[in-house]
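Structure file upload.tsv (TSV, C-alpha atoms) is printed below.
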```tsv
chain	number	residue	atom	x	y	z
H	1	MET	CA	-48.57	304.57	319.89
H	2	LEU	CA	-48.35	307.92	321.65
H	3	VAL	CA	-49.12	310.74	319.22
H	4	PHE	CA	-49.76	313.76	321.45
H	5	SER	CA	-49.15	315.08	324.97
H	6	GLY	CA	-49.79	318.34	326.76
H	7	ILE	CA	-50.52	320.25	329.96
H	8	VAL	CA	-53.77	322.17	330.50
H	9	PRO	CA	-55.33	324.15	333.38
H	10	HIS	CA	-58.85	323.57	334.67
H	11	PRO	CA	-60.39	326.71	336.25
H	12	PRO	CA	-64.21	326.57	336.09
H	13	ILE	CA	-64.20	330.18	334.98
H	14	LEU	CA	-63.04	328.91	331.56
H	15	ILE	CA	-66.56	327.63	330.90
H	16	PRO	CA	-68.38	330.60	329.27
H	17	SER	CA	-71.65	330.06	331.15
H	18	ILE	CA	-69.71	330.18	334.43
H	19	GLY	CA	-67.00	332.75	333.71
H	20	LYS	CA	-69.33	335.15	331.86
H	21	GLN	CA	-67.56	338.53	331.58
H	22	GLN	CA	-64.61	337.35	333.68
H	23	ILE	CA	-63.56	334.91	330.97
H	24	LYS	CA	-62.23	337.87	328.98
H	25	LYS	CA	-59.33	338.00	331.43
H	26	LEU	CA	-58.39	334.52	330.20
H	27	ASP	CA	-58.51	335.29	326.47
H	28	LYS	CA	-54.90	334.14	326.00
H	29	THR	CA	-55.58	330.84	327.74
H	30	VAL	CA	-58.69	330.29	325.61
H	31	GLU	CA	-56.66	331.00	322.46
H	32	ALA	CA	-53.91	328.66	323.66
H	33	LEU	CA	-56.44	325.87	324.26
H	34	ALA	CA	-57.77	326.36	320.72
H	35	THR	CA	-54.22	325.99	319.42
H	36	LEU	CA	-53.71	322.86	321.49
H	37	GLU	CA	-57.05	321.45	320.29
H	38	LYS	CA	-56.02	321.89	316.65
H	39	GLN	CA	-52.68	320.20	317.24
H	40	LEU	CA	-54.43	317.37	319.08
H	41	ASN	CA	-56.89	316.85	316.23
H	42	ASP	CA	-54.07	316.96	313.67
H	43	SER	CA	-52.32	314.11	315.51
H	44	GLN	CA	-55.47	311.95	315.13
H	45	PRO	CA	-55.55	310.02	318.42
H	46	ASP	CA	-58.19	307.37	319.03
H	47	THR	CA	-58.14	307.82	322.81
H	48	ILE	CA	-57.38	310.66	325.21
H	49	ILE	CA	-55.88	309.69	328.56
H	50	ILE	CA	-56.82	312.56	330.91
H	51	ILE	CA	-54.93	312.76	334.21
H	52	THR	CA	-56.63	314.80	336.94
H	53	PRO	CA	-55.74	315.67	340.55
H	54	HIS	CA	-59.40	315.96	341.55
H	55	GLY	CA	-62.32	313.57	341.89
H	56	GLN	CA	-61.89	310.27	343.71
H	57	THR	CA	-58.31	310.20	344.93
H	58	HIS	CA	-56.86	307.25	346.81
H	59	GLU	CA	-53.97	307.64	349.24
H	60	GLN	CA	-52.22	304.46	348.14
H	61	ALA	CA	-53.43	303.81	344.58
H	62	PHE	CA	-54.04	305.38	341.18
H	63	CYS	CA	-57.76	305.38	340.39
H	64	VAL	CA	-58.88	304.59	336.83
H	65	ASN	CA	-62.52	305.16	335.94
H	66	THR	CA	-64.09	302.25	334.02
H	67	ASN	CA	-67.69	303.45	333.67
H	68	ALA	CA	-69.57	302.50	330.49
H	69	ILE	CA	-70.44	306.15	329.80
H	70	TYR	CA	-68.92	309.33	331.22
H	71	GLU	CA	-70.76	312.62	331.66
H	72	ALA	CA	-69.05	315.97	331.97
H	73	THR	CA	-71.33	318.52	333.60
H	74	PHE	CA	-70.79	321.72	335.53
H	75	LYS	CA	-73.78	321.70	337.86
H	76	GLU	CA	-71.61	322.27	340.93
H	77	PHE	CA	-70.63	325.64	339.44
H	78	GLY	CA	-74.17	326.71	338.51
H	79	ASP	CA	-74.34	325.51	334.89
H	80	PHE	CA	-77.23	323.02	334.70
H	81	GLU	CA	-77.40	322.81	330.90
H	82	THR	CA	-73.96	321.90	329.55
H	83	LYS	CA	-73.41	318.15	329.30
H	84	LEU	CA	-70.81	316.21	327.34
H	85	ILE	CA	-70.85	312.44	326.83
H	86	PHE	CA	-67.78	310.25	326.38
H	87	LYS	CA	-67.09	306.54	325.95
H	88	PRO	CA	-64.26	304.63	327.64
H	89	ASP	CA	-61.35	302.69	326.19
H	90	LEU	CA	-62.03	299.63	328.33
H	91	ASP	CA	-59.54	297.39	326.52
H	92	PHE	CA	-56.72	299.74	327.45
H	93	ILE	CA	-57.89	300.09	331.05
H	94	MET	CA	-58.13	296.34	331.57
H	95	LYS	CA	-54.70	295.75	330.05
H	96	LEU	CA	-53.17	298.45	332.25
H	97	LYS	CA	-54.76	296.90	335.33
H	98	ALA	CA	-53.66	293.37	334.42
H	99	ASP	CA	-50.10	294.40	333.61
H	100	GLN	CA	-49.68	296.30	336.90
H	101	GLU	CA	-51.45	293.81	339.19
H	102	THR	CA	-48.26	292.99	341.13
H	103	LYS	CA	-46.23	296.11	340.32
H	104	LEU	CA	-48.15	299.31	341.00
H	105	PRO	CA	-51.41	299.90	342.90
H	106	VAL	CA	-54.16	300.54	340.35
H	107	GLN	CA	-57.73	300.76	341.65
H	108	LEU	CA	-60.60	300.53	339.19
H	109	ILE	CA	-63.59	302.72	340.00
H	110	SER	CA	-66.90	303.23	338.22
H	111	GLN	CA	-68.33	306.75	338.17
H	112	SER	CA	-70.52	308.36	335.53
H	113	ASN	CA	-69.60	311.96	336.36
H	114	LEU	CA	-66.17	313.34	335.49
H	115	ASP	CA	-64.59	315.75	337.96
H	116	HIS	CA	-63.84	319.29	336.78
H	117	GLY	CA	-60.13	318.49	336.39
H	118	ALA	CA	-61.10	316.19	333.53
H	119	ALA	CA	-64.31	317.86	332.34
H	120	ILE	CA	-62.95	321.37	331.71
H	121	PRO	CA	-59.99	320.31	329.52
H	122	LEU	CA	-62.23	317.90	327.58
H	123	TYR	CA	-64.77	320.69	327.02
H	124	TYR	CA	-62.12	322.58	325.07
H	125	LEU	CA	-60.18	319.72	323.49
H	126	THR	CA	-63.17	317.85	322.03
H	127	ARG	CA	-65.22	320.73	320.61
H	128	ASN	CA	-64.55	319.64	317.01
H	129	ASN	CA	-64.32	315.90	317.58
H	130	LYS	CA	-66.80	314.17	319.87
H	131	ASN	CA	-65.63	310.65	318.97
H	132	TYR	CA	-62.53	310.32	321.13
H	133	ARG	CA	-62.63	307.56	323.69
H	134	ILE	CA	-61.18	308.59	327.03
H	135	VAL	CA	-59.35	307.08	329.98
H	136	PRO	CA	-59.84	309.21	333.14
H	137	ILE	CA	-57.06	308.70	335.70
H	138	ASN	CA	-56.77	310.28	339.13
H	139	THR	CA	-53.46	311.03	340.81
H	140	SER	CA	-52.75	309.65	344.28
H	141	PHE	CA	-50.98	310.59	347.51
H	142	LEU	CA	-48.08	308.31	346.63
H	143	SER	CA	-44.58	309.71	346.08
H	144	GLY	CA	-43.46	311.64	343.04
H	145	ASN	CA	-41.33	308.67	342.00
H	146	LYS	CA	-44.42	306.44	342.04
H	147	HIS	CA	-46.22	308.89	339.75
H	148	VAL	CA	-43.30	308.76	337.31
H	149	ALA	CA	-43.35	304.95	337.50
H	150	PHE	CA	-47.09	304.95	336.78
H	151	GLY	CA	-46.44	307.10	333.71
H	152	GLN	CA	-43.92	304.50	332.54
H	153	ALA	CA	-46.59	301.83	333.02
H	154	LEU	CA	-48.96	303.91	330.88
H	155	ILE	CA	-46.50	304.13	328.01
H	156	ASP	CA	-45.85	300.38	328.17
H	157	ALA	CA	-49.59	299.76	327.77
H	158	ILE	CA	-49.75	302.29	324.94
H	159	PHE	CA	-46.87	300.69	323.05
H	160	SER	CA	-48.52	297.28	323.28
H	161	SER	CA	-51.66	298.61	321.57
H	162	ASP	CA	-52.31	299.32	317.90
H	163	ARG	CA	-54.43	302.35	318.81
H	164	ARG	CA	-53.27	306.01	318.84
H	165	TYR	CA	-53.15	307.78	322.21
H	166	ALA	CA	-52.89	311.30	323.60
H	167	ILE	CA	-51.99	312.03	327.24
H	168	ILE	CA	-53.24	315.25	328.80
H	169	ALA	CA	-51.99	316.32	332.24
H	170	SER	CA	-54.64	318.53	333.85
H	171	GLY	CA	-53.55	320.82	336.65
H	172	ASP	CA	-53.13	324.40	337.78
H	173	LEU	CA	-49.80	325.71	339.05
H	174	SER	CA	-49.48	327.94	342.12
H	175	HIS	CA	-52.71	329.14	343.74
H	176	ARG	CA	-50.95	331.88	345.73
H	177	LEU	CA	-49.59	334.36	343.20
H	178	SER	CA	-51.39	337.49	344.41
H	179	PRO	CA	-53.12	338.82	347.55
H	180	LYS	CA	-56.47	338.05	345.89
H	181	ALA	CA	-55.52	334.44	345.13
H	182	PRO	CA	-57.87	331.75	346.52
H	183	ALA	CA	-55.20	330.29	348.81
H	184	GLY	CA	-53.76	333.63	349.91
H	185	PHE	CA	-50.43	335.14	348.85
H	186	SER	CA	-46.95	333.67	349.11
H	187	PRO	CA	-43.83	335.42	347.78
H	188	LYS	CA	-42.44	331.99	346.85
H	189	ALA	CA	-45.39	331.06	344.64
H	190	LYS	CA	-44.02	332.85	341.58
H	191	GLU	CA	-40.67	331.14	342.13
H	192	PHE	CA	-42.34	327.73	342.01
H	193	ASP	CA	-44.10	328.39	338.69
H	194	LYS	CA	-40.99	329.88	337.11
H	195	LYS	CA	-38.75	327.06	338.30
H	196	LEU	CA	-41.13	324.30	337.22
H	197	ILE	CA	-41.48	325.72	333.71
H	198	GLN	CA	-37.69	326.12	333.41
H	199	LEU	CA	-37.14	322.50	334.47
H	200	LEU	CA	-39.78	321.28	332.03
H	201	LYS	CA	-38.01	323.12	329.21
H	202	LYS	CA	-34.71	321.51	330.22
H	203	ARG	CA	-36.29	318.03	330.55
H	204	GLN	CA	-34.96	317.74	334.11
H	205	THR	CA	-37.48	315.36	335.65
H	206	GLU	CA	-35.12	314.39	338.46
H	207	ASN	CA	-34.83	318.02	339.55
H	208	ILE	CA	-38.61	318.37	339.45
H	209	LEU	CA	-38.87	315.34	341.74
H	210	ASN	CA	-36.41	317.03	344.10
H	211	LEU	CA	-38.10	320.42	344.30
H	212	ASP	CA	-37.86	321.89	347.78
H	213	GLN	CA	-40.80	320.80	349.94
H	214	GLU	CA	-41.19	324.28	351.41
H	215	LEU	CA	-41.49	325.68	347.89
H	216	LEU	CA	-44.17	323.10	347.09
H	217	ASP	CA	-46.07	323.90	350.28
H	218	CYS	CA	-45.95	327.63	349.60
H	219	SER	CA	-47.30	327.22	346.08
H	220	ALA	CA	-50.52	325.31	346.95
H	221	GLN	CA	-50.33	323.87	343.41
H	222	CYS	CA	-52.50	320.99	342.20
H	223	GLY	CA	-50.88	320.01	338.91
H	224	LEU	CA	-47.48	318.56	339.78
H	225	ASN	CA	-48.48	314.91	340.15
H	226	SER	CA	-50.41	314.95	336.86
H	227	ILE	CA	-47.31	316.37	335.18
H	228	LEU	CA	-45.06	313.76	336.80
H	229	ILE	CA	-47.18	310.94	335.37
H	230	LEU	CA	-46.86	312.50	331.93
H	231	LEU	CA	-43.10	312.94	332.38
H	232	GLY	CA	-42.85	309.28	333.32
H	233	ALA	CA	-44.61	308.33	330.10
H	234	LEU	CA	-42.18	310.51	328.13
H	235	SER	CA	-39.02	309.40	329.94
H	236	ASP	CA	-37.67	307.45	326.95
H	237	ILE	CA	-39.17	309.65	324.24
H	238	ASN	CA	-37.48	312.57	322.51
H	239	TYR	CA	-39.51	315.77	322.61
H	240	ASP	CA	-39.38	319.57	322.67
H	241	PHE	CA	-41.35	321.34	325.39
H	242	GLU	CA	-43.33	324.36	324.17
H	243	VAL	CA	-45.15	326.83	326.40
H	244	ILE	CA	-48.15	327.99	324.39
H	245	ASN	CA	-49.32	330.32	327.15
H	246	TYR	CA	-48.88	331.04	330.84
H	247	GLU	CA	-50.85	333.64	332.76
H	248	SER	CA	-52.24	334.29	336.23
H	249	PRO	CA	-54.90	337.04	336.19
H	250	PHE	CA	-56.66	335.61	339.26
H	251	GLY	CA	-53.57	334.71	341.29
H	252	VAL	CA	-53.46	331.11	340.00
H	253	GLY	CA	-50.92	329.94	337.43
H	254	TYR	CA	-52.55	328.63	334.25
H	255	LEU	CA	-50.15	326.81	331.92
H	256	VAL	CA	-51.02	325.53	328.45
H	257	ALA	CA	-48.12	323.59	326.99
H	258	GLN	CA	-47.28	320.84	324.53
H	259	PHE	CA	-44.59	318.20	324.52
H	260	LYS	CA	-43.79	318.03	320.79
H	261	LEU	CA	-42.91	314.41	320.14
H	262	LYS	CA	-40.09	313.66	317.72
```
Represent the structure of the file as structure tokens.
Amino acid sequence: MLVFSGIVPHPPILIPSIGKQQIKKLDKTVEALATLEKQLNDSQPDTIIIITPHGQTHEQAFCVNTNAIYEATFKEFGDFETKLIFKPDLDFIMKLKADQETKLPVQLISQSNLDHGAAIPLYYLTRNNKNYRIVPINTSFLSGNKHVAFGQALIDAIFSSDRRYAIIASGDLSHRLSPKAPAGFSPKAKEFDKKLIQLLKKRQTENILNLDQELLDCSAQCGLNSILILLGALSDINYDFEVINYESPFGVGYLVAQFKLK
């Protein structure tokens, strides 16, 4: 059964050894992640399905990592000491693959290292429980509708299992909220973040799928497809959407939110 779902950002600066003094500007995000972690632990999942827009991404398929052991490190950002170890939920992965063989393109990959879109959320969400099994899934370049359909496939696999699952959509919102933003500034970037959050609160997935392409292009976001997979999984589930925190001190929108399942 599905017992928990949420949205988290993944800026490397959230890792204390990387962010150093700059992490103080993200105090509210850190506090929000601690709140989300407590709520996750209270829901007692066996497995965390982590959806990331980074790592190995296939144009025409959703990649699911089946490695025997996963390592989360931050060497690419200058931290050579931090290392987290996770185990997979291979039974779930194999069932998902078998069920979707002729329906949706699912490509199994085997990589020991988790990309930062998975590693950074897991750093915060597993601090007090190292025993969660995980299922790392990468978004694709397929349509928004295909991402929703893949989310529906996920929930079908979850409902056919006697294990307890959490789904975490990892992704940052607009990367162009200020002149100092990494992708430059766009006056429409703030509009994208505001509109997306409003539509999430109203549970209007169809309107999210139909967001103006120019608005998407101007935002330079990376989280929408992760969120669409999660929305697909929740399409027949009653929930309340709660924004725990949203901020953008570095010109990138960082959203921490929970879909409170009823």
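In this model, the gap between atom CA of H:Met94 and atom CA of H:Arg164 comes to 16.7 Å.
Among H:Val148, H:Leu40, H:Ile167, H:Ile109, the residue with the shortest atom-to-atom distance to H:Asn129, counting all atoms listed in the file, is H:Leu40.
Distance check against H:Val64 using all atoms listed in the file: of H:Ile50, H:Leu26, H:Leu255, H:Leu231, the minimum falls on H:Ile50.
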>> Around the point (-56.0, 321.5, 318.4) (coordinates from the file), which residues reach within 12 Å if we count all atoms listed in the file? Answer as number ranges by chain.
In response: H: 4-6, 30-45, 121-122, 124-129, 166, 244, 256-258
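Going from atom CA of H:Gly144 to atom CA of H:Gln60 covers 12.4 Å.
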> If you count only C-alpha atoms, which residues fall within 9 Å of stretch 131-134 of chain H, apart from same-chain ones fewer than 2 positions away, as number ranges by chain?
Replying inline: H: 45-50, 70, 86-89, 126, 129, 136
>> One number please: atom CA of H:Gly232 to atom CA of H:Arg163, in Å, one decimal.
In response: 19.8 Å
> Which one is closest to H:His116: H:Lys180, H:His10, H:Arg203, H:Lys262? Count all atoms listed in the file.
Replying inline: H:His10
> Which is closer to H:Phe259 than all the others in H:Leu200, H:Leu224, H:Ala72, H:Leu173, using all atoms listed in the file?
Replying inline: H:Leu200
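Ranking H:Ile120, H:Ile237, H:Val135, H:Val243 by their shortest atom-to-atom distance to H:Lys201, with only C-alpha atoms included, puts H:Val243 first.
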>> For H:Ile227, find every residue with an atom within 8 Å (counting all atoms listed in the file), except residues of its own chain fewer than 3 positions away, and show them as a PyMOL selection string.
In response: chain H and resi 7+169-171+223-224+230-231
>> I'd like the contact shell of H:Leu261 - 9 Å cut-off, all atoms listed in the file, skipping same-chain residues fewer than 5 positions apart - returned as a ChimeraX atom specification.
In response: /H:2-5,234,237-241
Could you save those same residues with C-alpha atoms as a PDB file, in the coordinates of the input?
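The file below, again.pdb, is the result:
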```pdb
ATOM      1  CA  LEU H   2     -48.350 307.920 321.650  1.00  0.00           C
ATOM      2  CA  VAL H   3     -49.120 310.740 319.220  1.00  0.00           C
ATOM      3  CA  PHE H   4     -49.760 313.760 321.450  1.00  0.00           C
ATOM      4  CA  SER H   5     -49.150 315.080 324.970  1.00  0.00           C
ATOM      5  CA  LEU H 234     -42.180 310.510 328.130  1.00  0.00           C
ATOM      6  CA  ILE H 237     -39.170 309.650 324.240  1.00  0.00           C
ATOM      7  CA  ASN H 238     -37.480 312.570 322.510  1.00  0.00           C
ATOM      8  CA  TYR H 239     -39.510 315.770 322.610  1.00  0.00           C
ATOM      9  CA  ASP H 240     -39.380 319.570 322.670  1.00  0.00           C
ATOM     10  CA  PHE H 241     -41.350 321.340 325.390  1.00  0.00           C
TER      11      PHE H 241
END
```
> Which one of H:Leu142, H:Ile137, H:Cys63, H:Ala149 sits closest to H:Ser235 if you count only C-alpha atoms?
Replying inline: H:Ala149
> Within 12 Å of H:Cys222, counting all atoms listed in the file, which residues qualify if same-chain residues fewer than 5 places away don't, as number ranges by chain?
Replying inline: H: 8-11, 51-54, 117, 138-141, 169-176, 183, 193, 216-217, 227-228, 252-254
> Got a sec: who's within 12 Å of H:Ile18, counting all atoms listed in the file, leaving out chain neighbours fewer than 4 positions off, as an NGL selection string?
Replying inline: :H and (11-14 or 22-23 or 73-82 or 120)
Rebuild N, CA and C atoms on stretch 197-222 of chain H, as an mmCIF file, in the frame of the given file?
```
data_model
loop_
_atom_site.group_PDB
_atom_site.id
_atom_site.type_symbol
_atom_site.label_atom_id
_atom_site.label_comp_id
_atom_site.auth_asym_id
_atom_site.auth_seq_id
_atom_site.Cartn_x
_atom_site.Cartn_y
_atom_site.Cartn_z
ATOM 1 N N ILE H 197 -41.474 325.539 335.163
ATOM 2 C CA ILE H 197 -41.480 325.720 333.710
ATOM 3 C C ILE H 197 -40.061 325.624 333.152
ATOM 4 N N GLN H 198 -39.092 326.204 333.860
ATOM 5 C CA GLN H 198 -37.690 326.120 333.410
ATOM 6 C C GLN H 198 -37.227 324.666 333.372
ATOM 7 N N LEU H 199 -37.562 323.897 334.409
ATOM 8 C CA LEU H 199 -37.140 322.500 334.470
ATOM 9 C C LEU H 199 -37.834 321.658 333.407
ATOM 10 N N LEU H 200 -39.080 321.983 333.103
ATOM 11 C CA LEU H 200 -39.780 321.280 332.030
ATOM 12 C C LEU H 200 -39.103 321.551 330.686
ATOM 13 N N LYS H 201 -38.702 322.779 330.459
ATOM 14 C CA LYS H 201 -38.010 323.120 329.210
ATOM 15 C C LYS H 201 -36.686 322.373 329.091
ATOM 16 N N LYS H 202 -36.017 322.177 330.226
ATOM 17 C CA LYS H 202 -34.710 321.510 330.220
ATOM 18 C C LYS H 202 -34.815 319.996 330.325
ATOM 19 N N ARG H 203 -36.043 319.478 330.430
ATOM 20 C CA ARG H 203 -36.290 318.030 330.550
ATOM 21 C C ARG H 203 -35.596 317.458 331.780
ATOM 22 N N GLN H 204 -35.642 318.167 332.888
ATOM 23 C CA GLN H 204 -34.960 317.740 334.110
ATOM 24 C C GLN H 204 -35.967 317.177 335.113
ATOM 25 N N THR H 205 -36.483 315.991 334.795
ATOM 26 C CA THR H 205 -37.480 315.360 335.650
ATOM 27 C C THR H 205 -36.952 315.101 337.053
ATOM 28 N N GLU H 206 -35.700 314.690 337.147
ATOM 29 C CA GLU H 206 -35.120 314.390 338.460
ATOM 30 C C GLU H 206 -35.122 315.623 339.352
ATOM 31 N N ASN H 207 -34.819 316.782 338.776
ATOM 32 C CA ASN H 207 -34.830 318.020 339.550
ATOM 33 C C ASN H 207 -36.252 318.431 339.938
ATOM 34 N N ILE H 208 -37.215 318.099 339.092
ATOM 35 C CA ILE H 208 -38.610 318.370 339.450
ATOM 36 C C ILE H 208 -39.013 317.504 340.641
ATOM 37 N N LEU H 209 -38.583 316.241 340.618
ATOM 38 C CA LEU H 209 -38.870 315.340 341.740
ATOM 39 C C LEU H 209 -38.234 315.837 343.037
ATOM 40 N N ASN H 210 -37.144 316.571 342.917
ATOM 41 C CA ASN H 210 -36.410 317.030 344.100
ATOM 42 C C ASN H 210 -36.673 318.491 344.445
ATOM 43 N N LEU H 211 -37.740 319.047 343.941
ATOM 44 C CA LEU H 211 -38.100 320.420 344.300
ATOM 45 C C LEU H 211 -38.268 320.542 345.807
ATOM 46 N N ASP H 212 -37.826 321.657 346.340
ATOM 47 C CA ASP H 212 -37.860 321.890 347.780
ATOM 48 C C ASP H 212 -39.292 321.783 348.320
ATOM 49 N N GLN H 213 -39.462 321.021 349.393
ATOM 50 C CA GLN H 213 -40.800 320.800 349.940
ATOM 51 C C GLN H 213 -41.437 322.098 350.416
ATOM 52 N N GLU H 214 -40.644 322.998 350.967
ATOM 53 C CA GLU H 214 -41.190 324.280 351.410
ATOM 54 C C GLU H 214 -41.737 325.074 350.228
ATOM 55 N N LEU H 215 -41.032 324.993 349.096
ATOM 56 C CA LEU H 215 -41.490 325.680 347.890
ATOM 57 C C LEU H 215 -42.812 325.085 347.414
ATOM 58 N N LEU H 216 -42.920 323.760 347.465
ATOM 59 C CA LEU H 216 -44.170 323.100 347.090
ATOM 60 C C LEU H 216 -45.307 323.520 348.013
ATOM 61 N N ASP H 217 -45.039 323.537 349.307
ATOM 62 C CA ASP H 217 -46.070 323.900 350.280
ATOM 63 C C ASP H 217 -46.537 325.335 350.087
ATOM 64 N N CYS H 218 -45.606 326.216 349.773
ATOM 65 C CA CYS H 218 -45.950 327.630 349.600
ATOM 66 C C CYS H 218 -46.746 327.891 348.327
ATOM 67 N N SER H 219 -46.645 326.983 347.363
ATOM 68 C CA SER H 219 -47.300 327.220 346.080
ATOM 69 C C SER H 219 -48.777 326.824 346.090
ATOM 70 N N ALA H 220 -49.142 325.833 346.923
ATOM 71 C CA ALA H 220 -50.520 325.310 346.950
ATOM 72 C C ALA H 220 -50.963 324.866 345.553
ATOM 73 N N GLN H 221 -50.030 324.316 344.772
ATOM 74 C CA GLN H 221 -50.330 323.870 343.410
ATOM 75 C C GLN H 221 -51.158 322.584 343.430
ATOM 76 N N CYS H 222 -51.766 322.262 342.296
ATOM 77 C CA CYS H 222 -52.500 320.990 342.200
ATOM 78 C C CYS H 222 -52.122 320.188 340.976
#
```
